[in-house]
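Worksheet: one structure, shown below.
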Amino acid sequence: MNVACVWKTGEHDGQSAAYFTVKAGSNGTTQTCAIYLFNNSLGWQGLGGAVSSGTVCSLTGAPFPSVGEGGQIQMGLGETGCVNVHSNPDLSAKVVGCLPKGTPITIDDGPAYVPATPPPPQIDLPWALDYWWHVAGRGWVVHAYLLTRHYG
């Protein structure tokens, strides 16, 4: 019998941001998913866009990014070839480090939704530079630069 189910397994509230974890599947095969949300002047909305999904799923463990989970830096940028780490979840906050692509990390806080002020030109997607996670022992990194260690 094919019976599909989805059930909420957790909730984590951050700073004007949150995520829910759910289990989904059928016939004994399930995956765990995280659904990312942010709160702005229009109310609560799902995170998403052409590059970064508002939902991440994993067949092999907890989705990443999520608090307590490990993954890696997805890409390096500009001349430095790395992603800036900030002292606070804000592009104007002090840069305290730079992590190259592939650096293993663990998330220990977040998410935080902090709109860039003023918004960068030609970028009008909240996931791009406004959704942040705290990397253990390092600082705050933008959501779009993180990559799961779980593939599935």
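Order determines the names: the first chain of the structure tokens is A, the second B, and so forth; residues in each chain are numbered 1 upward, and ligands are numbered 1 upward as they are shown.
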Surrounding residues of region 130-136 of chain A excluding itself and chain neighbours under 6 positions, 6 Å, only C-alpha atoms, as a CSV table (one decimal) with N, CA and C atoms, in the first residue's frame:
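For reference, result-v8.csv as written:
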```csv
chain,number,residue,atom,x,y,z
A,89,PRO,N,25.5,39.0,12.6
A,89,PRO,CA,24.8,38.7,11.4
A,89,PRO,C,24.4,39.9,10.6
A,106,THR,N,30.5,23.6,11.8
A,106,THR,CA,29.4,23.2,12.5
A,106,THR,C,28.6,24.4,12.9
A,107,ILE,N,27.3,24.3,12.7
A,107,ILE,CA,26.4,25.4,13.0
A,107,ILE,C,26.0,25.3,14.5
A,108,ASP,N,26.2,26.5,15.3
A,108,ASP,CA,25.8,26.4,16.7
A,108,ASP,C,24.8,27.5,17.1
A,109,ASP,N,24.3,28.3,16.1
A,109,ASP,CA,23.3,29.3,16.4
A,109,ASP,C,22.7,29.8,15.1
A,110,GLY,N,21.5,30.4,15.2
A,110,GLY,CA,20.8,30.9,14.0
A,110,GLY,C,19.5,30.2,13.9
A,111,PRO,N,18.8,30.5,12.8
A,111,PRO,CA,19.1,31.4,11.8
A,111,PRO,C,18.8,32.8,12.3
A,112,ALA,N,19.3,33.8,11.6
A,112,ALA,CA,19.0,35.2,11.8
A,112,ALA,C,18.7,35.9,10.5
A,113,TYR,N,17.6,36.6,10.4
A,113,TYR,CA,17.3,37.4,9.2
A,113,TYR,C,17.6,38.8,9.5
A,114,VAL,N,18.6,39.4,8.8
A,114,VAL,CA,19.0,40.7,9.0
A,114,VAL,C,19.1,41.4,7.6
A,115,PRO,N,18.1,42.1,7.2
A,115,PRO,CA,18.2,42.7,5.8
A,115,PRO,C,19.4,43.7,5.7
A,142,VAL,N,26.6,33.9,5.8
A,142,VAL,CA,25.4,33.9,5.0
A,142,VAL,C,25.0,32.5,4.5
A,143,HIS,N,23.7,32.2,4.6
A,143,HIS,CA,23.1,31.0,4.3
A,143,HIS,C,23.5,30.4,2.9
```
Q: Go through region 30-114 of chain A and collect every residue that DSSP, computed from the backbone, puts in strand (DSSP E or B); the answer should be as a PyMOL selection string.
A: chain A and resi 30-40+43-46+55-58+70-73+77+82-86+95-100+104-113
(Q) Can you measure CA of Gln74 (chain A) to CA of Trp44 (chain A) for me? One decimal in Å is fine. (A) 26.7 Å
Q. Between A:Pro65, A:Cys5, A:Arg138, A:Gly70, which is the closest to Val95 (chain A) once you count only C-alpha atoms?
A. A:Arg138
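Note that DSSP on the backbone gives helix (DSSP H, G or I) to these residues of chain A: A:Pro126, A:Trp127, A:Ala128, A:Leu129, A:His143, A:Ala144, A:Tyr145.
With only C-alpha atoms as the basis for measurement, A:Thr21 is the residue among A:Ser87, A:Thr9, A:Ser16, A:Thr21 that approaches Val56 (chain A) most closely.
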Q) How far is it from CA of Gly81 (chain A) to CA of Lys101 (chain A), in Å with one decimal? A) 7.5 Å
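Here the question is which of A:Gly48, A:Leu42, A:Asp90, A:Gly68 gets nearest to Gln15 (chain A) using only C-alpha atoms, and that residue is A:Asp90.
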(Q) Can you pull out the residues contacting Ala34 (chain A)? Cut-off 10 Å, using only C-alpha atoms, and skip same-chain residues under 2 positions away; I want them as number ranges by chain. (A) A: 8-11, 18-23, 32, 36-37, 54-58, 62-66
